[in-house]
file target_25.txt (compact mmCIF, N, CA, C and O atoms)
# COMPACT_ATOMS: atom_id res chain seq x y z
N ALA A 488 104.80 197.09 109.33
CA ALA A 488 105.65 196.12 108.66
C ALA A 488 104.80 194.91 108.28
O ALA A 488 103.92 194.50 109.02
N ILE A 489 105.11 194.36 107.17
CA ILE A 489 104.42 193.16 106.68
C ILE A 489 105.19 191.94 107.17
O ILE A 489 106.40 191.86 107.03
N ILE A 490 104.46 191.01 107.76
CA ILE A 490 105.07 189.78 108.24
C ILE A 490 104.91 188.73 107.17
O ILE A 490 103.81 188.50 106.66
N ASP A 491 105.99 188.09 106.81
CA ASP A 491 105.97 187.07 105.77
C ASP A 491 105.68 185.71 106.39
O ASP A 491 106.55 185.06 106.95
N ILE A 492 104.40 185.30 106.34
CA ILE A 492 103.98 184.02 106.88
C ILE A 492 103.45 183.17 105.72
O ILE A 492 102.58 183.62 104.98
N PRO A 493 103.98 181.95 105.57
CA PRO A 493 103.48 181.10 104.48
C PRO A 493 102.01 180.71 104.72
O PRO A 493 101.60 180.50 105.86
N ILE A 494 101.26 180.62 103.67
CA ILE A 494 99.86 180.23 103.73
C ILE A 494 99.72 178.86 103.07
O ILE A 494 100.21 178.65 101.96
N TYR A 495 99.07 177.95 103.76
CA TYR A 495 98.84 176.61 103.22
C TYR A 495 97.34 176.43 102.99
O TYR A 495 96.54 176.75 103.85
N VAL A 496 97.00 175.93 101.83
CA VAL A 496 95.61 175.68 101.50
C VAL A 496 95.38 174.18 101.59
O VAL A 496 96.03 173.40 100.90
N ALA A 497 94.47 173.78 102.46
CA ALA A 497 94.13 172.36 102.61
C ALA A 497 93.16 171.96 101.52
O ALA A 497 92.16 172.63 101.28
N GLN A 498 93.49 170.90 100.85
CA GLN A 498 92.60 170.38 99.81
C GLN A 498 91.45 169.65 100.48
O GLN A 498 91.62 169.03 101.53
N PRO A 499 90.25 169.72 99.88
CA PRO A 499 89.11 169.03 100.50
C PRO A 499 89.36 167.53 100.56
O PRO A 499 89.85 166.94 99.60
N ILE A 500 89.03 166.95 101.70
CA ILE A 500 89.18 165.51 101.86
C ILE A 500 88.07 164.78 101.12
O ILE A 500 88.26 163.73 100.54
N VAL A 501 86.89 165.36 101.11
CA VAL A 501 85.73 164.77 100.46
C VAL A 501 85.76 165.13 98.99
O VAL A 501 86.00 166.28 98.63
N GLU A 502 85.53 164.16 98.14
CA GLU A 502 85.42 164.44 96.72
C GLU A 502 84.06 165.08 96.48
O GLU A 502 83.03 164.41 96.55
N VAL A 503 84.08 166.37 96.20
CA VAL A 503 82.85 167.15 96.11
C VAL A 503 81.90 166.55 95.08
O VAL A 503 80.68 166.53 95.28
N GLU A 504 82.42 166.02 93.99
CA GLU A 504 81.56 165.44 92.96
C GLU A 504 80.75 164.27 93.50
O GLU A 504 79.62 164.04 93.10
N LYS A 505 81.33 163.52 94.44
CA LYS A 505 80.64 162.35 94.99
C LYS A 505 79.53 162.73 95.96
O LYS A 505 78.62 161.95 96.20
N VAL A 506 79.61 163.91 96.55
CA VAL A 506 78.58 164.33 97.51
C VAL A 506 77.22 164.36 96.83
O VAL A 506 76.21 163.99 97.42
N ASN A 507 77.17 164.77 95.58
CA ASN A 507 75.91 164.82 94.85
C ASN A 507 75.33 163.43 94.60
O ASN A 507 74.15 163.30 94.33
N GLU A 508 76.16 162.39 94.69
CA GLU A 508 75.71 161.02 94.43
C GLU A 508 75.16 160.35 95.69
O GLU A 508 74.61 159.27 95.62
N ILE A 509 75.32 160.98 96.84
CA ILE A 509 74.92 160.37 98.11
C ILE A 509 73.42 160.56 98.32
O ILE A 509 72.89 161.65 98.20
N TYR A 510 72.77 159.45 98.62
CA TYR A 510 71.34 159.50 98.92
C TYR A 510 71.12 158.69 100.19
O TYR A 510 71.51 157.54 100.30
N ILE A 511 70.54 159.30 101.17
CA ILE A 511 70.25 158.62 102.43
C ILE A 511 68.75 158.66 102.66
O ILE A 511 68.13 159.72 102.59
N GLU A 512 68.19 157.50 102.90
CA GLU A 512 66.78 157.44 103.24
C GLU A 512 66.68 157.73 104.74
O GLU A 512 67.06 156.92 105.57
N VAL A 513 66.21 158.90 105.07
CA VAL A 513 66.19 159.37 106.45
C VAL A 513 64.98 158.80 107.18
O VAL A 513 63.87 158.81 106.68
N SER A 514 65.25 158.31 108.38
CA SER A 514 64.19 157.80 109.24
C SER A 514 63.39 158.96 109.82
O SER A 514 63.96 159.93 110.29
N LYS A 515 62.08 158.84 109.77
CA LYS A 515 61.24 159.88 110.36
C LYS A 515 60.68 159.45 111.71
O LYS A 515 60.07 160.23 112.40
N ASP A 516 60.93 158.18 112.07
CA ASP A 516 60.37 157.69 113.32
C ASP A 516 61.38 157.65 114.46
O ASP A 516 60.99 157.47 115.61
N LEU A 517 62.66 157.85 114.17
CA LEU A 517 63.68 157.82 115.22
C LEU A 517 64.59 159.05 115.11
O LEU A 517 64.80 159.56 114.01
N PRO A 518 65.14 159.51 116.22
CA PRO A 518 66.15 160.57 116.14
C PRO A 518 67.34 160.09 115.31
O PRO A 518 67.56 158.88 115.17
N MET A 519 68.11 161.02 114.79
CA MET A 519 69.20 160.63 113.92
C MET A 519 70.47 161.41 114.26
O MET A 519 70.42 162.54 114.72
N VAL A 520 71.60 160.75 114.04
CA VAL A 520 72.92 161.35 114.18
C VAL A 520 73.60 161.18 112.83
O VAL A 520 73.50 160.12 112.20
N LEU A 521 74.29 162.22 112.37
CA LEU A 521 75.02 162.17 111.11
C LEU A 521 76.48 162.47 111.37
O LEU A 521 76.81 163.46 112.01
N THR A 522 77.35 161.59 110.88
CA THR A 522 78.79 161.80 110.97
C THR A 522 79.35 161.82 109.57
O THR A 522 79.06 160.93 108.77
N VAL A 523 80.16 162.83 109.28
CA VAL A 523 80.89 162.91 108.02
C VAL A 523 82.36 162.84 108.40
O VAL A 523 82.87 163.75 109.07
N ALA A 524 83.02 161.75 108.01
CA ALA A 524 84.40 161.57 108.46
C ALA A 524 85.12 160.55 107.59
O ALA A 524 84.50 159.71 106.94
N ARG A 525 86.43 160.61 107.63
CA ARG A 525 87.27 159.56 107.05
C ARG A 525 87.21 158.38 108.02
O ARG A 525 87.33 158.56 109.24
N LEU A 526 87.01 157.20 107.49
CA LEU A 526 86.85 156.02 108.34
C LEU A 526 88.24 155.45 108.65
O LEU A 526 88.70 154.48 108.05
N SER A 527 88.88 156.08 109.61
CA SER A 527 90.22 155.68 110.03
C SER A 527 90.23 155.52 111.55
O SER A 527 89.32 155.96 112.26
N ALA A 528 91.27 154.89 112.05
CA ALA A 528 91.36 154.56 113.48
C ALA A 528 91.22 155.79 114.38
O ALA A 528 90.62 155.71 115.45
N GLU A 529 91.75 156.92 113.94
CA GLU A 529 91.71 158.13 114.77
C GLU A 529 90.29 158.58 115.06
O GLU A 529 90.03 159.23 116.07
N LYS A 530 89.35 158.26 114.19
CA LYS A 530 87.96 158.71 114.36
C LYS A 530 87.16 157.86 115.33
O LYS A 530 86.08 158.23 115.76
N GLN A 531 87.66 156.68 115.67
CA GLN A 531 87.05 155.77 116.64
C GLN A 531 85.59 155.43 116.32
O GLN A 531 84.75 155.30 117.21
N ILE A 532 85.30 155.22 115.06
CA ILE A 532 83.95 154.85 114.64
C ILE A 532 83.55 153.49 115.23
O ILE A 532 82.43 153.34 115.72
N PRO A 533 84.43 152.46 115.21
CA PRO A 533 84.02 151.19 115.82
C PRO A 533 83.63 151.34 117.29
O PRO A 533 82.65 150.75 117.73
N GLU A 534 84.37 152.16 118.04
CA GLU A 534 84.02 152.37 119.44
C GLU A 534 82.63 153.00 119.56
O GLU A 534 81.85 152.64 120.44
N SER A 535 82.34 153.94 118.67
CA SER A 535 81.01 154.55 118.65
C SER A 535 79.94 153.52 118.34
O SER A 535 78.85 153.54 118.90
N LEU A 536 80.26 152.61 117.44
CA LEU A 536 79.34 151.53 117.08
C LEU A 536 79.03 150.65 118.29
O LEU A 536 77.87 150.34 118.55
N TYR A 537 80.05 150.29 119.07
CA TYR A 537 79.84 149.45 120.25
C TYR A 537 79.00 150.17 121.31
O TYR A 537 78.13 149.57 121.94
N ILE A 538 79.25 151.46 121.48
CA ILE A 538 78.46 152.24 122.43
C ILE A 538 77.01 152.33 121.95
O ILE A 538 76.07 152.18 122.74
N HIS A 539 76.84 152.54 120.65
CA HIS A 539 75.50 152.59 120.08
C HIS A 539 74.76 151.28 120.34
O HIS A 539 73.59 151.27 120.70
N ARG A 540 75.45 150.15 120.18
CA ARG A 540 74.83 148.84 120.43
C ARG A 540 74.36 148.75 121.88
O ARG A 540 73.27 148.26 122.17
N ARG A 541 75.19 149.22 122.82
CA ARG A 541 74.81 149.18 124.23
C ARG A 541 73.59 150.05 124.49
O ARG A 541 72.71 149.68 125.28
N LEU A 542 73.54 151.22 123.87
CA LEU A 542 72.38 152.11 124.03
C LEU A 542 71.11 151.45 123.50
O LEU A 542 70.05 151.54 124.11
N ILE A 543 71.22 150.78 122.35
CA ILE A 543 70.07 150.07 121.79
C ILE A 543 69.59 149.00 122.78
O ILE A 543 68.40 148.87 123.03
N ASP A 544 70.54 148.27 123.35
CA ASP A 544 70.19 147.23 124.33
C ASP A 544 69.49 147.81 125.54
O ASP A 544 68.73 147.12 126.21
N MET A 545 69.74 149.09 125.84
CA MET A 545 69.10 149.76 126.97
C MET A 545 67.77 150.41 126.57
O MET A 545 67.12 151.05 127.38
N GLY A 546 67.40 150.26 125.28
CA GLY A 546 66.14 150.82 124.82
C GLY A 546 66.24 152.24 124.29
O GLY A 546 65.22 152.87 124.02
N ILE A 547 67.44 152.74 124.14
CA ILE A 547 67.65 154.09 123.60
C ILE A 547 67.90 153.94 122.10
O ILE A 547 68.98 153.57 121.66
N LEU A 548 66.87 154.20 121.31
CA LEU A 548 66.93 153.95 119.87
C LEU A 548 67.13 155.23 119.09
O LEU A 548 66.46 156.24 119.33
N PHE A 549 68.04 155.17 118.13
CA PHE A 549 68.25 156.25 117.17
C PHE A 549 69.03 155.68 116.00
O PHE A 549 69.62 154.61 116.09
N LYS A 550 68.99 156.39 114.90
CA LYS A 550 69.74 155.96 113.71
C LYS A 550 70.99 156.82 113.58
O LYS A 550 70.95 158.02 113.82
N TRP A 551 72.08 156.17 113.19
CA TRP A 551 73.35 156.87 113.03
C TRP A 551 73.80 156.65 111.59
O TRP A 551 74.03 155.53 111.16
N TYR A 552 73.91 157.73 110.86
CA TYR A 552 74.35 157.69 109.48
C TYR A 552 75.80 158.16 109.40
O TYR A 552 76.17 159.13 110.06
N ILE A 553 76.60 157.47 108.61
CA ILE A 553 77.98 157.88 108.40
C ILE A 553 78.21 158.07 106.91
O ILE A 553 77.89 157.19 106.11
N ILE A 554 78.77 159.22 106.57
CA ILE A 554 79.20 159.48 105.21
C ILE A 554 80.71 159.55 105.24
O ILE A 554 81.29 160.36 105.96
N GLY A 555 81.35 158.67 104.51
CA GLY A 555 82.80 158.67 104.47
C GLY A 555 83.34 157.36 103.95
O GLY A 555 82.60 156.41 103.71
N SER A 556 84.63 157.33 103.79
CA SER A 556 85.32 156.12 103.37
C SER A 556 86.71 156.15 104.00
O SER A 556 87.12 157.17 104.55
N GLY A 557 87.39 155.04 103.94
CA GLY A 557 88.73 154.99 104.51
C GLY A 557 89.13 153.57 104.83
O GLY A 557 88.40 152.61 104.53
N PRO A 558 90.29 153.42 105.45
CA PRO A 558 90.84 152.08 105.68
C PRO A 558 90.01 151.20 106.61
O PRO A 558 90.15 149.98 106.55
N GLN A 559 89.14 151.75 107.42
CA GLN A 559 88.33 150.92 108.33
C GLN A 559 86.93 150.63 107.80
O GLN A 559 86.13 150.01 108.49
N GLN A 560 86.64 151.02 106.58
CA GLN A 560 85.28 150.90 106.04
C GLN A 560 84.78 149.45 106.06
O GLN A 560 83.69 149.18 106.56
N GLU A 561 85.57 148.52 105.55
CA GLU A 561 85.12 147.12 105.50
C GLU A 561 84.94 146.55 106.91
O GLU A 561 83.98 145.83 107.17
N PHE A 562 85.85 146.89 107.81
CA PHE A 562 85.74 146.40 109.19
C PHE A 562 84.47 146.93 109.85
O PHE A 562 83.73 146.17 110.49
N ILE A 563 84.20 148.21 109.67
CA ILE A 563 83.00 148.81 110.26
C ILE A 563 81.75 148.15 109.69
O ILE A 563 80.82 147.81 110.43
N GLN A 564 81.71 147.94 108.38
CA GLN A 564 80.55 147.30 107.77
C GLN A 564 80.36 145.88 108.30
O GLN A 564 79.22 145.47 108.56
N SER A 565 81.46 145.14 108.49
CA SER A 565 81.32 143.77 109.01
C SER A 565 80.86 143.78 110.47
O SER A 565 80.08 142.92 110.88
N GLU A 566 81.31 144.76 111.25
CA GLU A 566 80.88 144.85 112.65
C GLU A 566 79.39 145.22 112.73
O GLU A 566 78.68 144.72 113.60
N ILE A 567 78.94 146.09 111.85
CA ILE A 567 77.51 146.44 111.83
C ILE A 567 76.67 145.19 111.60
O ILE A 567 75.67 144.96 112.29
N LYS A 568 77.10 144.34 110.67
CA LYS A 568 76.37 143.10 110.40
C LYS A 568 76.48 142.14 111.58
O LYS A 568 75.49 141.53 111.99
N ARG A 569 77.68 141.98 112.12
CA ARG A 569 77.89 141.05 113.23
C ARG A 569 77.04 141.42 114.44
O ARG A 569 76.46 140.56 115.11
N LEU A 570 76.91 142.72 114.69
CA LEU A 570 76.13 143.20 115.83
C LEU A 570 74.64 143.36 115.52
O LEU A 570 73.88 143.83 116.36
N LYS A 571 74.26 143.01 114.27
CA LYS A 571 72.87 143.11 113.83
C LYS A 571 72.32 144.54 114.00
O LYS A 571 71.25 144.74 114.55
N MET A 572 73.08 145.49 113.47
CA MET A 572 72.71 146.89 113.63
C MET A 572 72.39 147.56 112.30
O MET A 572 72.35 148.79 112.23
N GLU A 573 72.11 146.79 111.28
CA GLU A 573 71.83 147.37 109.96
C GLU A 573 70.67 148.37 109.99
O GLU A 573 70.65 149.29 109.19
N ASP A 574 69.72 148.17 110.89
CA ASP A 574 68.57 149.07 110.96
C ASP A 574 68.87 150.36 111.73
O ASP A 574 68.06 151.27 111.75
N TYR A 575 70.03 150.42 112.39
CA TYR A 575 70.32 151.56 113.25
C TYR A 575 71.60 152.30 112.92
O TYR A 575 71.81 153.42 113.35
N PHE A 576 72.52 151.67 112.17
CA PHE A 576 73.82 152.29 111.93
C PHE A 576 74.14 152.23 110.46
O PHE A 576 74.08 151.21 109.84
call {"tool": "encode", "arguments": {"input": "target_25.txt", "output": "structure tokens"}}
result
Amino acid sequence: AIIDIPIYVAQPIVEVEKVNEIYIEVSKDLPMVLTVARLSAEKQIPESLYIHRRLIDMGILFKWYIIGSGPQQEFIQSEIKRLKMEDYF
């Protein structure tokens, strides 16, 4: 017997055309972390930023790249500047 189950197709969250426009200058001297996400409260990017700052203060250096946009983008950018993390986040 065939079971009639509806199928839902999720539309891509990332605008595929914009992916080709992204250019990141990758650090070759430090380890790196890459996050691709919508910049919203559920993703807890600011919390990750604060933890990253603490790790830097402990001498654990790495670069964290984020590809994404969303309602927290401006806040995250201002926190990066406030915490003087432009070279790491």
call {"tool": "closest_residue", "arguments": {"input": "target_25.txt", "among": "A:Gly555, A:Ile563, A:Gly546, A:Lys515", "to": "Ile532 (chain A)", "atoms": "all atoms listed in the file"}}
result
A:Ile563
call {"tool": "closest_residue", "arguments": {"input": "target_25.txt", "among": "A:Ile553, A:Phe576, A:Met545, A:Gln559", "to": "Pro533 (chain A)", "atoms": "only N, CA, C and O atoms"}}
result
A:Gln559
call {"tool": "atom_distance", "arguments": {"input": "target_25.txt", "atom1": "atom C of Met519 (chain A)", "atom2": "CA of Lys571 (chain A)"}}
result
18.5 Å
call {"tool": "atom_distance", "arguments": {"input": "target_25.txt", "atom1": "CA of Trp551 (chain A)", "atom2": "CA of Leu536 (chain A)"}}
result
9.0 Å
call {"tool": "atom_distance", "arguments": {"input": "target_25.txt", "atom1": "atom O of Lys568 (chain A)", "atom2": "CA of Glu529 (chain A)"}}
result
23.4 Å
call {"tool": "closest_residue", "arguments": {"input": "target_25.txt", "among": "A:Ala524, A:Ile567, A:Ile538, A:Leu517", "to": "Lys550 (chain A)", "atoms": "only N, CA, C and O atoms"}}
result
A:Leu517
